[in-house]
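*Asks:* Okay, here's the structure, questions in a sec.
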Amino acid sequence: MASTVLSKPATRQLFRFDIQGLRAIAILLVVIDHMNVVVFSGGFIGVDVFFVISGFLITSHLLSQLRQTGTIRFADFYARRMRRILPASFFVLIVTTVASFIFMPPLVRSSIVQGAIATALYVPNMLLAALGTDYQAETAPSPFQHYWSLGVEEQFYLFWPIILFVLWRVLRNSRRGLAIAVALLALISFILCIVILGRSQPYAFFSLPTRAWEFAIGGLVGIASSTGRVFGKNSAIAAALGWAGIAVLVVTGLVFTDTTLYPGFPSLLPVLSTALVIFVGTNTQSFGPEAGLRWRPLQYIGKISYSLYLWHFPLLVIPQAAVGLDHPLPVWVKVVLMVVAVGLADLTYRFIEEPFRKNKRITSIRPSRTLLAGLAASVLVVGLTAAAAIPLSNFPTSSGQVAASGPLTVPPVATGFVPSNMQPTLEGAPTSTSEIHRDGCHIDSNDGTKVNDCEFGDLSSATTVVLFGDSHAAHWFPAVDAWAEGAGVRLLAYTKVGCPGIDVSVTSRNAPYMACDTWRDGVMKQLDSVQPALVILSYSREDPLTSASDPELVWSQGLAQTRAQLPATTKIMVVSDTPEFNESAPDCLSANLTDALACSAPRVEALDSTWAAAQKATVEQLGAVTSISVITFARLPNAIR
């Protein structure tokens, strides 16, 4: 058996074939995940692999400088990073922006401009966090969404050399002290990740402070490797640990799903397993994972992994947006697109990445000039994008045809085109909100558990009607408010994002939505005091239940429990859920102004008949409960008699 003693890595080759192979595994996991191949539903862990690799390589490089010279050549470091990252990144950014303007629905152009500018300024991750983007569940992602990880890396590269330099000086050139300090930073970042994850999953997912620990773990491996305390050559234990790390990566890619609460404790598995593979590979192991990671196809994919990461996502997103989200691309089409992505990545690697890294005429340019060129490129991309946005924002938002006015009917009279007299317009639809959204009565999921006192209609009326539920209930507010005003009825609105009014436990950002339970209990106590004549309930069937073994039964039991908790004299009106479309209706209509039916969906797809039937059956079993599919002014007076 080979020796397992620890020894110095004196004979380790400079190029790490195992790391190149890890890059291949990481990009393949990401690509398969974005192709929506169910087998590797947890492919998003590939980004964590990249973060650990970056932390290891950058820390190793900087520590080598510190040990040899006692300082860091900051300008040279940042110039190298710019030459490595920006040329390919900006090239794909420009191509993606142009293609998005051409092929994606006109109404999303403002978000395209916003995403392109944020990417050029190295902060796409913070934009996505601010927008509350759910990376794991996003059905209509921005073509720049994958740039979030580059934003995190670029921000890491900005701060990490400064942090290491300060620690090295303060700790008086102590590698042991540096390791302890980096470990402490990693712990603080991880704790911050857990804390923020419980409050805002997007910020935990996209921000550097909550992801820094992953880079720091890679940095710790770099520091440990530099001390010489690594496994000896051909260590059987090291080989076994290395293969175990690879196995964990594969298993987590298979087991994790978009419902996995991520990042957080689950992210420890891919991060630590990647660190383990890198650490045991510091010395060549004949039977270790490097033997497999040296496989030539993996080495090739690892070599072009950066450019492949840049190209694969827009090649999936833009064609899908062009044909419409209601028409998912077949798997074979996605495979063809990924073959194209490999070809583009190869060309980008050969003619952009490599020349900027190795061409002596480029690498010999003074670092200060390289930095100025990089900043100028960012300003140029921002300026060109902003300039293009002006003419591109002037697109038609209607067919030019006028829809005839007439009385409201059930079902309503539809047109096959987007009318020029439609209110709100397509452009104004995304920001068109009702009074309860504007005055804060509709409570956001992150705004605690306070029960607002929001009264509308005739405040002096002895008859009180309550609108109660999630955002699907809130969208009925304008109609109910208009009726209450005309009928002389007092209206109370209790609505909260993602929180149904019936007694069921749901999740938010893949975690138990405890704020919803507390808020709902508070509303129920309020209703017991108010004694309303009618409670209008409406809720989304997509609200994720904590227990979904039999969702129809859970919803039905929750409705029955809510009926039992309300005053006996209170009647209930349950409004069936609204149709669900894969694509935003305004976005789709902006690309189909004269063919509105192109944005329609078959009833069997837009409505869940099984869920609706279970809801109706429960309503029929309960007293003083009415079930309707749509609110009409004619039905409301009958409900409170």
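By convention here, the chains of the structure tokens are called A, B, ... in the order presented, each chain's residues are numbered starting at 1, and ligands are numbered starting at 1 in the order presented.
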Write out as a list in words the residues lying within 12 Å of Cys454 (chain A), counting only C-alpha atoms and excluding same-chain residues fewer than 2 positions away.
*Replies:*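 What passes the distance filter is Glu435, Ile436, His437, Asp439, Gly440, Cys441, His442, Ile443, Lys450, Val451, Asn452, Phe456, Gly457, Leu459, Val466, Leu467, Phe468, Phe477, Asp481, Arg490, Leu491, Leu492, Ala493, Tyr494, Thr495 and Val523 of chain A.
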*Asks:* Name the residues in contact with region 101-114 of chain A at a cut-off of 10 Å, using only C-alpha atoms, excluding same-chain residues fewer than 2 positions from it; report them as a ChimeraX atom specification.
*Replies:* /A:96-99,116-119,124,127,142-144,317-324,382,385-390,392-397,426-427,430,586-592
*Asks:* Hey, which of A:Gly115, A:Gly177, A:Gly253, A:Pro407 ends up closest to Leu28 (chain A)? Count only C-alpha atoms.
*Replies:*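 Counting only C-alpha atoms, the residue closest to Leu28 (chain A) is A:Gly253.
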*Asks:* Could you pull out the residues in region 115-285 of chain A that DSSP calls alpha helix (DSSP H) from the backbone, as a PyMOL selection string?
*Replies:* chain A and resi 115-120+124-130+148-170+175-197+201-206+208-226+236-255+268-280
*Asks:* Need the shell around region 183-189 of chain A: protein/DNA/RNA residues with any atom at most 6 Å away, counting only C-alpha atoms. Skip same-chain ones fewer than 6 positions apart. Format as a compact mmCIF listing (two decimals) with C-alpha atoms, in the first residue's frame?
*Replies:*
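Saved the output as part_5.txt:
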# COMPACT_ATOMS: atom_id res chain seq x y z
CA PRO A 209 -20.95 38.73 1.09
CA THR A 210 -23.10 35.58 1.24
CA TRP A 213 -17.14 31.85 1.99
CA ALA A 216 -12.49 31.53 0.99
*Asks:* Taking only C-alpha atoms into account, which of A:Val339, A:Met573, A:Leu559, A:Ala240 comes nearest Leu537 (chain A)?
*Replies:* A:Met573
*Asks:* How many Å separate CA of Ser225 (chain A) from CA of Phe279 (chain A)?
*Replies:*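 Answer for the CA of Ser225 (chain A) to CA of Phe279 (chain A) separation: 7.0 Å.
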*Asks:* Give me the residues within 7 Å of Thr507 (chain A) as a PyMOL selection string, counting only C-alpha atoms and dropping any in the same chain fewer than 6 places off.
*Replies:* chain A and resi 513+544-546
*Asks:* Excluding same-chain residues fewer than 6 positions from region 128-132 of chain A, what lies within 10 Å of it counting only C-alpha atoms, as an MDAnalysis selection string?
*Replies:* chainID A and resid 115 118 142 144:145 148 200:207
*Asks:* List the neighbours of Tyr300 (chain A) out to 9 Å using only C-alpha atoms; skip same-chain residues closer than 4 positions along the sequence, and give me the result as number ranges by chain.
*Replies:* A: 20-21, 24, 295-296, 304-305
*Asks:* Those residues you just picked out, can you put them in a file as an mmCIF file, in the first residue's frame with N, CA, C and O atoms?
*Replies:*
data_model
loop_
_atom_site.group_PDB
_atom_site.id
_atom_site.type_symbol
_atom_site.label_atom_id
_atom_site.label_comp_id
_atom_site.auth_asym_id
_atom_site.auth_seq_id
_atom_site.Cartn_x
_atom_site.Cartn_y
_atom_site.Cartn_z
ATOM 1 N N GLN A 20 -8.695 21.467 -14.468
ATOM 2 C CA GLN A 20 -9.308 21.631 -15.787
ATOM 3 C C GLN A 20 -10.490 20.677 -15.954
ATOM 4 O O GLN A 20 -11.535 21.051 -16.512
ATOM 5 N N GLY A 21 -10.336 19.461 -15.452
ATOM 6 C CA GLY A 21 -11.433 18.496 -15.497
ATOM 7 C C GLY A 21 -12.605 18.919 -14.629
ATOM 8 O O GLY A 21 -13.771 18.714 -14.987
ATOM 9 N N ALA A 24 -14.702 21.325 -16.410
ATOM 10 C CA ALA A 24 -15.584 20.646 -17.365
ATOM 11 C C ALA A 24 -16.822 20.113 -16.669
ATOM 12 O O ALA A 24 -17.948 20.270 -17.170
ATOM 13 N N TRP A 295 -9.158 12.846 -18.958
ATOM 14 C CA TRP A 295 -9.790 12.396 -20.196
ATOM 15 C C TRP A 295 -9.870 13.562 -21.168
ATOM 16 O O TRP A 295 -10.320 14.649 -20.826
ATOM 17 N N ARG A 296 -9.401 13.323 -22.402
ATOM 18 C CA ARG A 296 -9.218 14.421 -23.354
ATOM 19 C C ARG A 296 -10.489 15.241 -23.602
ATOM 20 O O ARG A 296 -10.420 16.479 -23.639
ATOM 21 N N ILE A 304 -12.463 25.372 -22.761
ATOM 22 C CA ILE A 304 -13.375 26.373 -23.331
ATOM 23 C C ILE A 304 -14.536 26.688 -22.383
ATOM 24 O O ILE A 304 -15.510 27.323 -22.796
ATOM 25 N N SER A 305 -14.428 26.259 -21.123
ATOM 26 C CA SER A 305 -15.561 26.353 -20.195
ATOM 27 C C SER A 305 -16.031 27.791 -19.981
ATOM 28 O O SER A 305 -17.239 28.043 -19.848
#
*Asks:* Excluding same-chain residues fewer than 2 positions from Gly448 (chain A), what lies within 9 Å of it counting only C-alpha atoms, as a ChimeraX atom specification?
*Replies:* /A:443-446,450,515-516,519
